[in-house]
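Coordinates from upload10.txt are shown below (compact mmCIF, C-alpha atoms).
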# COMPACT_ATOMS: atom_id res chain seq x y z
CA MET A 16 12.16 39.28 -70.75
CA PHE A 17 10.86 36.43 -72.96
CA ASP A 18 11.65 35.59 -76.57
CA GLU A 19 9.11 36.27 -79.30
CA LYS A 20 8.17 32.63 -79.81
CA LEU A 21 7.21 32.12 -76.17
CA LEU A 22 5.27 35.40 -76.11
CA LYS A 23 3.37 34.37 -79.24
CA VAL A 24 2.44 30.93 -77.88
CA ALA A 25 1.40 32.46 -74.55
CA ALA A 26 -0.88 34.95 -76.32
CA GLU A 27 -2.48 32.14 -78.33
CA CYS A 28 -3.09 30.11 -75.17
CA GLU A 29 -4.64 33.08 -73.39
CA ASN A 30 -6.89 33.88 -76.35
CA GLY A 31 -8.20 30.31 -76.35
CA LEU A 32 -9.23 30.62 -72.70
CA LYS A 33 -11.47 33.69 -73.04
CA ASP A 34 -14.75 31.81 -72.55
CA ILE A 35 -13.45 29.98 -69.50
CA PHE A 36 -12.13 33.22 -68.01
CA GLU A 37 -15.60 34.76 -68.37
CA GLN A 38 -17.13 31.84 -66.48
CA ILE A 39 -14.54 32.22 -63.72
CA ASP A 40 -15.37 35.91 -63.39
CA ALA A 41 -19.07 35.08 -63.17
CA THR A 42 -18.41 32.69 -60.27
CA ALA A 43 -16.30 35.33 -58.53
CA PHE A 44 -19.21 37.78 -58.83
CA VAL A 45 -21.62 35.34 -57.18
CA ASN A 46 -19.21 34.60 -54.35
CA THR A 47 -18.32 38.26 -53.78
CA SER A 48 -22.02 39.08 -53.61
CA ARG A 49 -22.44 36.44 -50.92
CA VAL A 50 -19.59 37.89 -48.85
CA LEU A 51 -21.00 41.40 -49.08
CA ASP A 52 -24.48 40.18 -48.17
CA VAL A 53 -23.06 38.59 -45.01
CA PHE A 54 -21.15 41.75 -44.05
CA ARG A 55 -24.32 43.82 -44.45
CA GLU A 56 -26.42 41.36 -42.48
CA LEU A 57 -23.92 41.29 -39.62
CA ARG A 58 -23.58 45.10 -39.70
CA LEU A 59 -19.81 45.03 -39.98
CA SER A 60 -18.41 48.29 -38.61
CA GLU A 61 -15.02 49.90 -38.06
CA ARG A 62 -15.34 49.23 -34.34
CA HIS A 63 -15.11 45.49 -35.06
CA PHE A 64 -11.46 46.01 -36.03
CA ASN A 65 -10.45 47.16 -32.54
CA PRO A 66 -7.89 44.76 -31.01
CA THR A 67 -8.29 43.11 -27.64
CA SER A 68 -5.70 41.64 -25.28
CA GLY A 69 -5.54 39.28 -22.34
CA TYR A 70 -8.49 36.94 -22.15
CA GLY A 71 -10.31 38.81 -24.91
CA TYR A 72 -13.71 38.62 -23.27
CA ASN A 73 -16.47 40.58 -25.04
CA ASP A 74 -14.47 40.80 -28.27
CA ASP A 75 -17.39 41.45 -30.61
CA GLY A 76 -15.07 41.84 -33.61
CA ARG A 77 -13.72 38.34 -33.06
CA ASP A 78 -17.26 37.01 -32.65
CA LEU A 79 -18.45 38.77 -35.81
CA CYS A 80 -15.48 37.33 -37.74
CA ASP A 81 -16.45 33.84 -36.55
CA SER A 82 -20.04 34.39 -37.67
CA ALA A 83 -18.96 35.83 -41.03
CA PHE A 84 -16.87 32.82 -42.00
CA ALA A 85 -19.66 30.45 -40.96
CA ALA A 86 -22.31 32.36 -42.91
CA VAL A 87 -20.21 32.78 -46.05
CA MET A 88 -19.52 29.03 -46.02
CA GLY A 89 -23.24 28.34 -45.49
CA LYS A 90 -22.89 26.79 -42.03
CA GLU A 91 -24.64 27.17 -38.65
CA SER A 92 -21.57 28.06 -36.65
CA GLY A 93 -17.82 28.37 -36.86
CA PHE A 94 -14.66 30.21 -36.00
CA ALA A 95 -11.69 31.77 -37.77
CA ARG A 96 -8.68 32.38 -35.56
CA SER A 97 -5.13 33.60 -36.03
CA GLN A 98 -4.00 31.08 -33.38
CA ILE A 99 -4.48 28.28 -35.93
CA ILE A 100 -1.07 27.93 -37.58
CA SER A 101 -1.94 25.88 -40.68
CA GLY A 102 -4.52 23.79 -42.46
CA THR A 103 -3.06 20.68 -40.82
CA HIS A 104 -3.47 22.30 -37.41
CA ALA A 105 -7.10 23.21 -38.19
CA LEU A 106 -7.83 19.65 -39.31
CA SER A 107 -6.20 18.28 -36.17
CA ILE A 108 -8.38 20.51 -33.98
CA ALA A 109 -11.45 19.17 -35.80
CA LEU A 110 -10.41 15.51 -35.56
CA TYR A 111 -9.36 15.59 -31.90
CA GLY A 112 -12.49 17.57 -31.10
CA VAL A 113 -15.03 15.00 -32.26
CA LEU A 114 -13.25 11.63 -31.95
CA ARG A 115 -12.93 9.57 -28.76
CA PRO A 116 -11.00 6.39 -27.82
CA GLY A 117 -12.49 3.39 -29.61
CA ASP A 118 -13.90 5.49 -32.46
CA THR A 119 -12.84 4.95 -36.06
CA LEU A 120 -11.90 7.66 -38.53
CA LEU A 121 -12.84 6.61 -42.07
CA SER A 122 -11.05 8.44 -44.88
CA VAL A 123 -13.03 7.98 -48.10
CA SER A 124 -10.75 9.80 -50.55
CA GLY A 125 -7.76 7.54 -50.01
CA LYS A 126 -4.83 8.48 -47.81
CA PRO A 127 -4.96 12.12 -46.69
CA TYR A 128 -2.27 14.71 -47.37
CA ASP A 129 1.18 13.72 -46.10
CA THR A 130 1.23 16.13 -43.15
CA LEU A 131 -1.69 14.28 -41.53
CA ASP A 132 0.23 10.98 -41.38
CA SER A 133 1.71 11.78 -37.96
CA VAL A 134 -1.55 13.26 -36.70
CA ILE A 135 -3.48 10.10 -37.52
CA GLY A 136 -0.63 7.72 -36.69
CA ILE A 137 -0.43 6.18 -40.17
CA ASN A 138 3.37 6.02 -40.06
CA GLY A 139 3.38 4.58 -36.54
CA GLU A 140 5.33 7.55 -35.22
CA GLY A 141 4.53 10.61 -33.18
CA ASP A 142 3.49 10.78 -29.56
CA GLY A 143 -0.01 12.14 -29.22
CA SER A 144 -1.36 10.88 -32.55
CA LEU A 145 -4.98 9.75 -32.83
CA LYS A 146 -3.65 6.21 -32.80
CA ASP A 147 -1.94 6.87 -29.46
CA TYR A 148 -5.34 7.85 -28.07
CA GLY A 149 -6.94 4.60 -29.21
CA ILE A 150 -8.66 6.03 -32.27
CA ASN A 151 -8.73 3.64 -35.21
CA TYR A 152 -8.18 4.52 -38.85
CA ARG A 153 -9.52 3.03 -42.06
CA GLU A 154 -9.49 4.31 -45.62
CA ILE A 155 -11.39 3.73 -48.83
CA LYS A 156 -9.70 4.59 -52.10
CA LEU A 157 -11.42 6.48 -54.87
CA ASN A 158 -12.75 4.28 -57.68
CA ALA A 159 -11.14 3.80 -61.09
CA GLU A 160 -12.63 7.11 -62.28
CA SER A 161 -11.18 8.97 -59.28
CA ARG A 162 -14.64 9.41 -57.81
CA LEU A 163 -15.98 8.59 -54.37
CA ASP A 164 -16.82 4.91 -53.99
CA LEU A 165 -20.19 5.48 -52.35
CA PRO A 166 -21.20 1.78 -52.28
CA ALA A 167 -17.98 0.98 -50.37
CA VAL A 168 -18.65 3.87 -47.99
CA ARG A 169 -22.19 2.61 -47.36
CA LEU A 170 -20.91 -0.91 -46.69
CA ALA A 171 -18.32 0.38 -44.23
CA LEU A 172 -20.90 2.40 -42.32
CA GLU A 173 -23.29 -0.54 -42.17
CA THR A 174 -20.73 -3.06 -40.96
CA ASP A 175 -18.48 -0.98 -38.70
CA LYS A 176 -20.41 0.79 -35.96
CA THR A 177 -17.21 2.28 -34.53
CA VAL A 178 -17.00 4.75 -37.42
CA LYS A 179 -17.79 8.15 -35.92
CA ALA A 180 -16.22 10.46 -38.51
CA VAL A 181 -15.95 10.22 -42.26
CA PHE A 182 -13.10 12.29 -43.65
CA VAL A 183 -12.94 13.56 -47.23
CA GLN A 184 -10.18 15.60 -48.82
CA ARG A 185 -11.54 17.85 -51.56
CA SER A 186 -8.20 18.55 -53.22
CA LYS A 187 -5.65 16.09 -54.56
CA GLY A 188 -2.71 16.52 -52.17
CA TYR A 189 0.42 14.89 -53.62
CA ASP A 190 -1.54 12.76 -56.05
CA ASP A 191 -2.58 13.04 -59.69
CA ARG A 192 -6.25 12.37 -59.05
CA ARG A 193 -9.05 14.74 -59.98
CA THR A 194 -10.38 17.15 -57.38
CA LEU A 195 -13.77 16.35 -55.91
CA THR A 196 -16.60 18.72 -56.76
CA VAL A 197 -19.05 20.33 -54.36
CA ALA A 198 -21.85 18.16 -55.79
CA GLU A 199 -19.90 14.96 -55.10
CA ILE A 200 -19.19 15.91 -51.49
CA ASP A 201 -22.83 16.93 -51.04
CA SER A 202 -23.89 13.44 -52.16
CA LEU A 203 -21.46 11.93 -49.64
CA TYR A 204 -22.95 14.15 -46.92
CA GLU A 205 -26.46 12.87 -47.67
CA LEU A 206 -25.19 9.28 -47.46
CA VAL A 207 -23.30 9.81 -44.20
CA HIS A 208 -26.26 11.50 -42.57
CA GLY A 209 -28.30 8.38 -43.06
CA TYR A 210 -26.27 6.92 -40.18
CA PRO A 211 -27.01 8.68 -36.87
CA GLY A 212 -23.99 9.82 -34.88
CA VAL A 213 -21.58 9.81 -37.84
CA LEU A 214 -20.06 13.15 -38.85
CA LEU A 215 -18.60 14.27 -42.17
CA ILE A 216 -15.35 16.26 -41.93
CA VAL A 217 -14.28 18.02 -45.12
CA ASP A 218 -10.73 19.18 -45.81
CA ASN A 219 -11.69 22.22 -47.89
CA CYS A 220 -8.14 23.51 -48.42
CA TYR A 221 -7.48 24.94 -51.90
CA GLY A 222 -11.17 24.64 -52.84
CA GLU A 223 -12.86 27.69 -51.31
CA PHE A 224 -14.66 29.97 -53.80
CA CYS A 225 -13.73 27.83 -56.81
CA GLU A 226 -17.42 27.05 -57.25
CA SER A 227 -20.47 29.15 -56.42
CA SER A 228 -21.10 27.33 -53.12
CA GLU A 229 -19.14 25.37 -50.53
CA PRO A 230 -19.62 21.66 -49.72
CA LYS A 231 -21.99 20.36 -47.08
CA GLY A 232 -20.33 18.94 -43.99
CA ASP A 233 -20.53 18.74 -40.21
CA LEU A 234 -17.10 20.35 -40.14
CA LEU A 235 -15.57 22.25 -43.06
CA VAL A 236 -11.92 23.10 -42.48
CA GLY A 237 -9.37 25.31 -44.18
CA SER A 238 -6.35 27.60 -43.94
CA LEU A 239 -6.36 31.39 -44.21
CA ILE A 240 -3.08 31.49 -46.14
CA LYS A 241 -4.82 29.62 -48.91
CA ASN A 242 -7.97 30.73 -50.74
CA ALA A 243 -10.07 31.88 -47.81
CA GLY A 244 -7.61 34.54 -46.64
CA GLY A 245 -7.51 36.26 -50.01
CA GLY A 246 -3.78 36.94 -49.79
CA ILE A 247 -4.46 39.44 -46.98
CA ALA A 248 -4.63 37.28 -43.84
CA GLU A 249 -1.08 36.44 -42.82
CA THR A 250 -1.91 33.45 -40.64
CA GLY A 251 -4.88 31.51 -39.32
CA GLY A 252 -7.46 28.93 -40.19
CA TYR A 253 -11.18 28.33 -39.98
CA ILE A 254 -13.54 25.57 -38.87
CA VAL A 255 -17.24 25.89 -39.68
CA GLY A 256 -20.16 23.47 -39.56
CA SER A 257 -22.97 22.30 -37.32
CA SER A 258 -23.26 24.01 -33.95
CA ARG A 259 -22.46 20.94 -31.84
CA ALA A 260 -19.50 19.80 -33.93
CA VAL A 261 -18.04 23.32 -33.91
CA GLU A 262 -18.52 23.51 -30.15
CA LEU A 263 -16.55 20.27 -29.68
CA ALA A 264 -13.79 21.55 -31.98
CA SER A 265 -13.66 24.83 -30.05
CA TYR A 266 -12.81 22.89 -26.89
CA ARG A 267 -9.67 21.66 -28.62
CA LEU A 268 -8.84 25.18 -29.84
CA THR A 269 -8.94 26.39 -26.22
CA VAL A 270 -10.29 24.24 -23.36
CA PRO A 271 -13.63 22.65 -22.40
CA GLY A 272 -15.89 25.13 -20.68
CA ILE A 273 -14.36 28.14 -22.44
CA GLY A 274 -14.42 27.28 -26.14
CA LEU A 275 -14.96 30.43 -28.19
CA GLU A 276 -15.76 32.70 -25.25
CA ALA A 277 -12.16 33.89 -24.90
CA GLY A 278 -9.09 34.51 -27.01
CA ALA A 279 -7.70 37.96 -27.70
CA SER A 280 -7.84 39.09 -31.32
CA MET A 281 -4.64 41.18 -31.01
CA GLY A 282 -5.52 43.12 -34.16
CA ALA A 283 -5.96 40.05 -36.40
CA THR A 284 -9.67 40.54 -37.08
CA LYS A 285 -9.30 43.21 -39.76
CA PRO A 286 -6.91 41.29 -42.07
CA MET A 287 -9.02 38.13 -41.73
CA LEU A 288 -12.23 39.95 -42.70
CA LYS A 289 -10.48 41.97 -45.40
CA GLY A 290 -9.01 38.73 -46.71
CA LEU A 291 -12.47 37.17 -46.81
CA MET A 292 -13.61 40.17 -48.85
CA PHE A 293 -10.79 39.67 -51.37
CA ALA A 294 -10.97 35.87 -51.40
CA PRO A 295 -13.44 35.27 -54.28
CA HIS A 296 -11.56 37.61 -56.63
CA VAL A 297 -8.08 36.42 -55.69
CA THR A 298 -9.18 32.79 -56.01
CA ALA A 299 -10.44 33.60 -59.51
CA GLN A 300 -7.02 35.02 -60.38
CA ALA A 301 -5.37 31.81 -59.18
CA ILE A 302 -7.77 29.65 -61.20
CA LYS A 303 -7.04 31.67 -64.34
CA THR A 304 -3.32 31.20 -63.71
CA ALA A 305 -3.83 27.43 -63.44
CA HIS A 306 -5.77 27.29 -66.73
CA PHE A 307 -3.07 29.31 -68.46
CA ALA A 308 -0.31 27.06 -67.10
CA ALA A 309 -2.09 23.95 -68.38
CA ALA A 310 -2.68 25.49 -71.81
CA LEU A 311 0.94 26.61 -72.14
CA PHE A 312 2.59 23.41 -70.95
CA GLU A 313 0.26 21.23 -73.02
CA ARG A 314 1.41 23.15 -76.09
CA TYR A 315 4.92 21.98 -75.25
CA GLY A 316 3.91 18.33 -74.84
CA PHE A 317 3.53 18.02 -71.07
CA GLU A 318 0.59 16.19 -69.50
CA CYS A 319 -1.49 18.38 -67.18
CA PHE A 320 -4.12 17.53 -64.57
CA PRO A 321 -6.66 19.04 -64.97
CA SER A 322 -6.25 19.77 -68.68
CA ALA A 323 -6.43 23.33 -69.93
CA PHE A 324 -10.17 23.36 -70.64
CA GLU A 325 -11.45 21.37 -67.66
CA ARG A 326 -13.46 23.27 -65.06
CA ARG A 327 -11.76 23.53 -61.67
CA SER A 328 -12.85 22.75 -58.12
CA ASP A 329 -9.54 23.84 -56.59
CA ILE A 330 -6.60 26.09 -57.49
CA ILE A 331 -4.00 23.34 -57.90
CA GLN A 332 -2.45 22.60 -61.29
CA THR A 333 -0.49 19.38 -61.62
CA ILE A 334 2.07 18.96 -64.41
CA ARG A 335 3.96 15.75 -65.16
CA LEU A 336 7.59 16.77 -65.73
CA HIS A 337 9.18 13.30 -66.12
CA ASN A 338 12.41 13.87 -64.17
CA ALA A 339 13.89 15.66 -61.16
CA GLU A 340 15.87 18.09 -63.32
CA ASN A 341 12.70 19.44 -64.92
CA VAL A 342 11.02 19.74 -61.52
CA LEU A 343 13.92 21.78 -60.15
CA LYS A 344 14.02 24.01 -63.24
CA PHE A 345 10.26 24.58 -63.07
CA CYS A 346 10.49 25.62 -59.43
CA LYS A 347 13.48 27.84 -60.20
CA GLY A 348 11.38 29.66 -62.80
CA ILE A 349 8.39 30.10 -60.47
CA GLN A 350 10.75 31.52 -57.84
CA LYS A 351 12.34 33.83 -60.42
CA GLY A 352 8.89 35.16 -61.29
CA SER A 353 7.98 35.83 -57.66
CA PRO A 354 7.94 39.29 -56.06
CA VAL A 355 9.91 38.17 -52.98
CA ASP A 356 13.24 36.31 -52.96
CA SER A 357 13.23 36.07 -56.74
CA TYR A 358 17.02 35.50 -56.70
CA VAL A 359 16.77 32.32 -54.61
CA VAL A 360 17.23 28.90 -56.25
CA PRO A 361 14.94 26.25 -54.67
CA GLU A 362 16.43 22.87 -53.76
CA GLY A 363 14.97 19.67 -52.37
CA TRP A 364 15.08 19.14 -48.61
CA ALA A 365 13.67 16.90 -45.90
CA MET A 366 10.80 19.17 -44.88
CA PRO A 367 9.10 18.33 -41.55
CA GLY A 368 5.88 16.36 -41.99
CA TYR A 369 6.77 14.91 -45.41
CA ASN A 370 7.99 11.43 -46.29
CA ASP A 371 10.27 12.39 -49.22
CA GLU A 372 12.52 15.29 -50.08
CA VAL A 373 10.37 18.20 -51.21
CA VAL A 374 11.26 21.20 -53.34
CA MET A 375 9.22 24.36 -52.88
CA ALA A 376 9.16 27.63 -54.80
CA ALA A 377 7.39 30.33 -52.85
CA GLY A 378 8.52 33.91 -53.23
CA ALA A 379 5.55 35.09 -51.19
CA PHE A 380 4.80 38.09 -48.98
CA THR A 381 3.41 35.61 -46.42
CA GLN A 382 5.58 32.59 -45.67
CA GLY A 383 3.99 29.40 -47.01
CA SER A 384 1.03 31.21 -48.56
CA SER A 385 -0.44 28.89 -51.18
CA ILE A 386 -2.78 31.54 -52.60
CA GLU A 387 0.31 33.44 -53.71
CA LEU A 388 2.03 31.86 -56.70
CA SER A 389 3.94 28.82 -55.54
CA ALA A 390 4.98 25.37 -56.64
CA ASP A 391 6.06 22.30 -54.75
CA ALA A 392 6.87 18.71 -55.53
CA PRO A 393 8.13 15.60 -53.78
CA LEU A 394 11.28 14.48 -55.57
CA ARG A 395 9.96 11.04 -56.42
CA GLU A 396 8.36 9.22 -59.32
CA PRO A 397 6.35 10.20 -61.36
CA TYR A 398 7.84 13.70 -60.86
CA LEU A 399 4.67 15.69 -60.65
CA VAL A 400 4.86 19.36 -59.77
CA TYR A 401 1.95 21.03 -58.00
CA MET A 402 1.49 24.70 -58.80
CA GLN A 403 -1.08 26.94 -57.20
CA GLY A 404 -1.96 30.54 -56.53
CA GLY A 405 -1.43 33.91 -58.11
CA LEU A 406 -2.59 37.07 -56.33
CA THR A 407 -3.10 38.61 -59.77
CA TYR A 408 -3.48 36.77 -63.04
CA GLU A 409 -0.86 38.99 -64.67
CA ALA A 410 1.79 38.09 -62.09
CA GLY A 411 0.79 34.44 -62.23
CA LYS A 412 1.12 34.41 -66.01
CA ILE A 413 4.62 35.88 -65.79
CA GLY A 414 5.67 33.28 -63.21
CA VAL A 415 4.39 30.42 -65.36
CA MET A 416 6.26 31.77 -68.38
CA PHE A 417 9.47 31.99 -66.35
CA ALA A 418 8.99 28.34 -65.32
CA LEU A 419 8.73 27.18 -68.92
CA ASP A 420 11.55 29.48 -70.01
CA GLU A 421 13.89 27.85 -67.46
CA MET A 422 12.98 24.40 -68.74
CA LEU A 423 13.58 25.38 -72.38
CA LYS A 424 17.13 26.53 -71.64
CA ASN A 425 19.91 24.10 -72.46
Let's see the structure in the file written out as C-alpha cells.
Amino acid sequence: MFDEKLLKVAAECENGLKDIFEQIDATAFVNTSRVLDVFRELRLSERHFNPTSGYGYNDDGRDLCDSAFAAVMGKESGFARSQIISGTHALSIALYGVLRPGDTLLSVSGKPYDTLDSVIGINGEGDGSLKDYGINYREIKLNAESRLDLPAVRLALETDKTVKAVFVQRSKGYDDRRTLTVAEIDSLYELVHGYPGVLLIVDNCYGEFCESSEPKGDLLVGSLIKNAGGGIAETGGYIVGSSRAVELASYRLTVPGIGLEAGASMGATKPMLKGLMFAPHVTAQAIKTAHFAAALFERYGFECFPSAFERRSDIIQTIRLHNAENVLKFCKGIQKGSPVDSYVVPEGWAMPGYNDEVVMAAGAFTQGSSIELSADAPLREPYLVYMQGGLTYEAGKIGVMFALDEMLKN
C-alpha cells in the first residue's frame, strides 16, 4: 500500500509521539469518567431510549438527554436535539435567542467562521440576518500572539452599553491562528461577568473533550457530528449554559411558551447518548491523528499549525501546502483513505455559506461529519488545508499517509 521509505518515516514519527499519546489517553480517561458519572447520577435506563411521536410530551428520555449534555459540559441547563441541523444552526438559535433590536454582538476572536457571515449580516446579504433585525455587530481581533485582547474587550464593554453578548470562537475556522484554551475562555468569562446583563456565548465546535473540562460560558454551543456526537449521532447539536440563557434559546428552537416542553425524539435519543459515551475516546483518536499528521508533514518540510508536539485544544490540524495543486492532491489522498466513497476525487466548488471555492474530502458514514476523518480548504492564498477527525487512530493514520503519498507522486 505504501513504499518502505514512507512506512519507515511514519513509524519514526509515531514513536516520537508516545509521551503525547499517553497524555491524550489520560485526558480521555478523565472525560469518560465524567460521562459515566453523569449517566449513573441520572439513572440512565433502557426505557429512556423509547421513541416518542407527535408533540412528544412527557418524553423523559429526551429530557434526560438534555440534562446529560448539560451536566457533562458542567452547566446548569441545556438541550441536545436532532432537529438542530448543524453547528451554525445551533449558534444561530443561541444568538437569536438572547439578542434584541438595538443590542450589539461583540465578537472577540476576530471574524467568526464563514458560515455565520449571513447569519450576522457581515456580508450585507440575507433576509432575516441579525442585522436585518436591528442587531449591531462589532469585532475585536486577537492580539499579535493570537490571544484574546482582554484590555480591548474591557474597554469595549465600558464604553458601549449596547453590548449584550460577547461571542468567542474556540477553534480557528479558516484561519491559521492558534486555538483558544479552556483557561483563556474562562478568564474571558470572568471579565464579561463583571458587566451585568452581558452574556458570553462560546462556539465550542471541534473543542469538546480535548481538555479535561469545558469552557465557562452563559451559552456553550456545538454540533453532534463533531466531537460531542462521538461518531455515533448522525445529526443534531447542543446548547448548554445558564438556566435563563438556555430558556431564551429554547424559545428559538421551538416557540415562546413551549421551549423544551415538547418535541418528539423519534428514536434519536439513543444515538445521541451513545455518541456522548463514545465522544471522549473518539476525540482522543482524532487528536492523535492530528499529532501524527503534523509530525509526518513536518518531516517533509511543510509548516503545520499546531506543530507536532504542541498540546491541542481542538481536533483541527492546519497544514500550509503552498499551492492549489497540493491542496487538491492532499484532499484526494484523504478521500482515498476514507471508508466511504474512497474512489471519489474531490474538486473545488462554490459551497453554500462560503465566500470562496472550497474543496472537501469527507468519505464519512455521516454526511459532513467532522469527527470522521475529513479535510477541507478554501482555494485561496495561503493555501491552508484543515484536516480533522479520525474515528480510530489507525484509520486516521492510513488516511494521512495516503494524503502525503498523493502529494509525493509526480
**OP:** Could you give me, as a ChimeraX atom specification, the residues within 12 Å of stretch 338-348 of chain A, counting all atoms listed in the file and dropping anything in the same chain fewer than 2 positions from it?
**Re:** /A:308,312,317,333-336,350-353,356-364,372-378,388-403,411-425
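Distances to A:Thr304 were evaluated for A:Cys28, A:Val168, A:Leu22, A:Leu288 using all atoms listed in the file, and the minimum falls at A:Cys28.
Take the candidates A:Ala279, A:Ile240, A:Val53, A:Ile35 and check each one against A:Gly102 using only C-alpha atoms; the shortest distance goes to A:Ile240.
Proximity to A:Glu226 was assessed for A:Lys146, A:Ala198, A:Tyr315, A:Tyr72 counting only C-alpha atoms; the smallest distance is recorded for A:Ala198.
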Original post:
Which residues come within 9 Å of A:Asn65, counting all atoms listed in the file, excluding same-chain residues fewer than 5 positions away, as a ChimeraX atom specification?
Top reply: /A:74,76,280-282,284-285
Leaving out A:Arg314 and any residue of its chain fewer than 4 positions from it, which residues lie within 10 Å of it when counting only C-alpha atoms, given as a PDB file with C-alpha atoms, in the frame of the given file?
ATOM      1  CA  VAL A  24       2.440  30.930 -77.880  1.00  0.00           C
ATOM      2  CA  ALA A  25       1.400  32.460 -74.550  1.00  0.00           C
ATOM      3  CA  CYS A  28      -3.090  30.110 -75.170  1.00  0.00           C
ATOM      4  CA  ALA A 308      -0.310  27.060 -67.100  1.00  0.00           C
ATOM      5  CA  ALA A 309      -2.090  23.950 -68.380  1.00  0.00           C
ATOM      6  CA  ALA A 310      -2.680  25.490 -71.810  1.00  0.00           C
ATOM      7  CA  GLU A 318       0.590  16.190 -69.500  1.00  0.00           C
ATOM      8  CA  ALA A 323      -6.430  23.330 -69.930  1.00  0.00           C
TER       9      ALA A 323
END
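These residues, each with an atom at most 6 Å from (-10.1, 18.8, -44.6) using all atoms listed in the file, are A:Leu106, A:Gln184, A:Val217, A:Asp218, A:Asn219, A:Val236.
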Original post:
Which one is closest to A:Thr47: A:Thr103, A:Ala294, A:Phe307, A:Leu275? Count only C-alpha atoms.
Top reply: A:Ala294
Subject >> Selected residue, from A:Thr194, A:Gln332, A:Ser265, A:Thr67, that lies nearest to A:Tyr111 when counting all atoms listed in the file >> reply: A:Ser265
Could you rebuild stretch 168-185 of chain A with N, CA and C atoms and give me the result as a short mmCIF file (atom, residue, chain, number, x, y, z; two decimals), keeping the file's coordinate frame?
data_model
loop_
_atom_site.label_atom_id
_atom_site.label_comp_id
_atom_site.auth_asym_id
_atom_site.auth_seq_id
_atom_site.Cartn_x
_atom_site.Cartn_y
_atom_site.Cartn_z
N VAL A 168 -18.43 3.06 -49.19
CA VAL A 168 -18.65 3.87 -47.99
C VAL A 168 -19.88 3.37 -47.24
N ARG A 169 -20.95 3.11 -47.98
CA ARG A 169 -22.19 2.61 -47.36
C ARG A 169 -21.94 1.29 -46.65
N LEU A 170 -21.21 0.39 -47.30
CA LEU A 170 -20.91 -0.91 -46.69
C LEU A 170 -20.11 -0.75 -45.40
N ALA A 171 -19.13 0.16 -45.42
CA ALA A 171 -18.32 0.38 -44.23
C ALA A 171 -19.15 0.92 -43.07
N LEU A 172 -20.07 1.82 -43.37
CA LEU A 172 -20.90 2.40 -42.32
C LEU A 172 -21.90 1.40 -41.77
N GLU A 173 -22.34 0.47 -42.61
CA GLU A 173 -23.29 -0.54 -42.17
C GLU A 173 -22.64 -1.64 -41.34
N THR A 174 -21.37 -1.92 -41.61
CA THR A 174 -20.73 -3.06 -40.96
C THR A 174 -19.80 -2.68 -39.81
N ASP A 175 -19.40 -1.42 -39.75
CA ASP A 175 -18.48 -0.98 -38.70
C ASP A 175 -19.12 0.15 -37.90
N LYS A 176 -19.70 -0.20 -36.78
CA LYS A 176 -20.41 0.79 -35.96
C LYS A 176 -19.47 1.66 -35.13
N THR A 177 -18.15 1.41 -35.24
CA THR A 177 -17.21 2.28 -34.53
C THR A 177 -16.87 3.54 -35.33
N VAL A 178 -17.28 3.57 -36.60
CA VAL A 178 -17.00 4.75 -37.42
C VAL A 178 -17.82 5.93 -36.89
N LYS A 179 -17.12 6.97 -36.46
CA LYS A 179 -17.79 8.15 -35.92
C LYS A 179 -17.53 9.39 -36.77
N ALA A 180 -16.51 9.33 -37.64
CA ALA A 180 -16.22 10.46 -38.51
C ALA A 180 -15.77 9.95 -39.86
N VAL A 181 -16.37 10.48 -40.89
CA VAL A 181 -15.95 10.22 -42.26
C VAL A 181 -15.17 11.44 -42.73
N PHE A 182 -13.98 11.20 -43.23
CA PHE A 182 -13.10 12.29 -43.65
C PHE A 182 -12.96 12.28 -45.16
N VAL A 183 -13.12 13.45 -45.78
CA VAL A 183 -12.94 13.56 -47.23
C VAL A 183 -12.06 14.76 -47.53
N GLN A 184 -11.10 14.55 -48.41
CA GLN A 184 -10.18 15.60 -48.82
C GLN A 184 -10.59 16.07 -50.21
N ARG A 185 -11.02 17.31 -50.29
CA ARG A 185 -11.54 17.85 -51.56
C ARG A 185 -10.46 17.90 -52.64
#
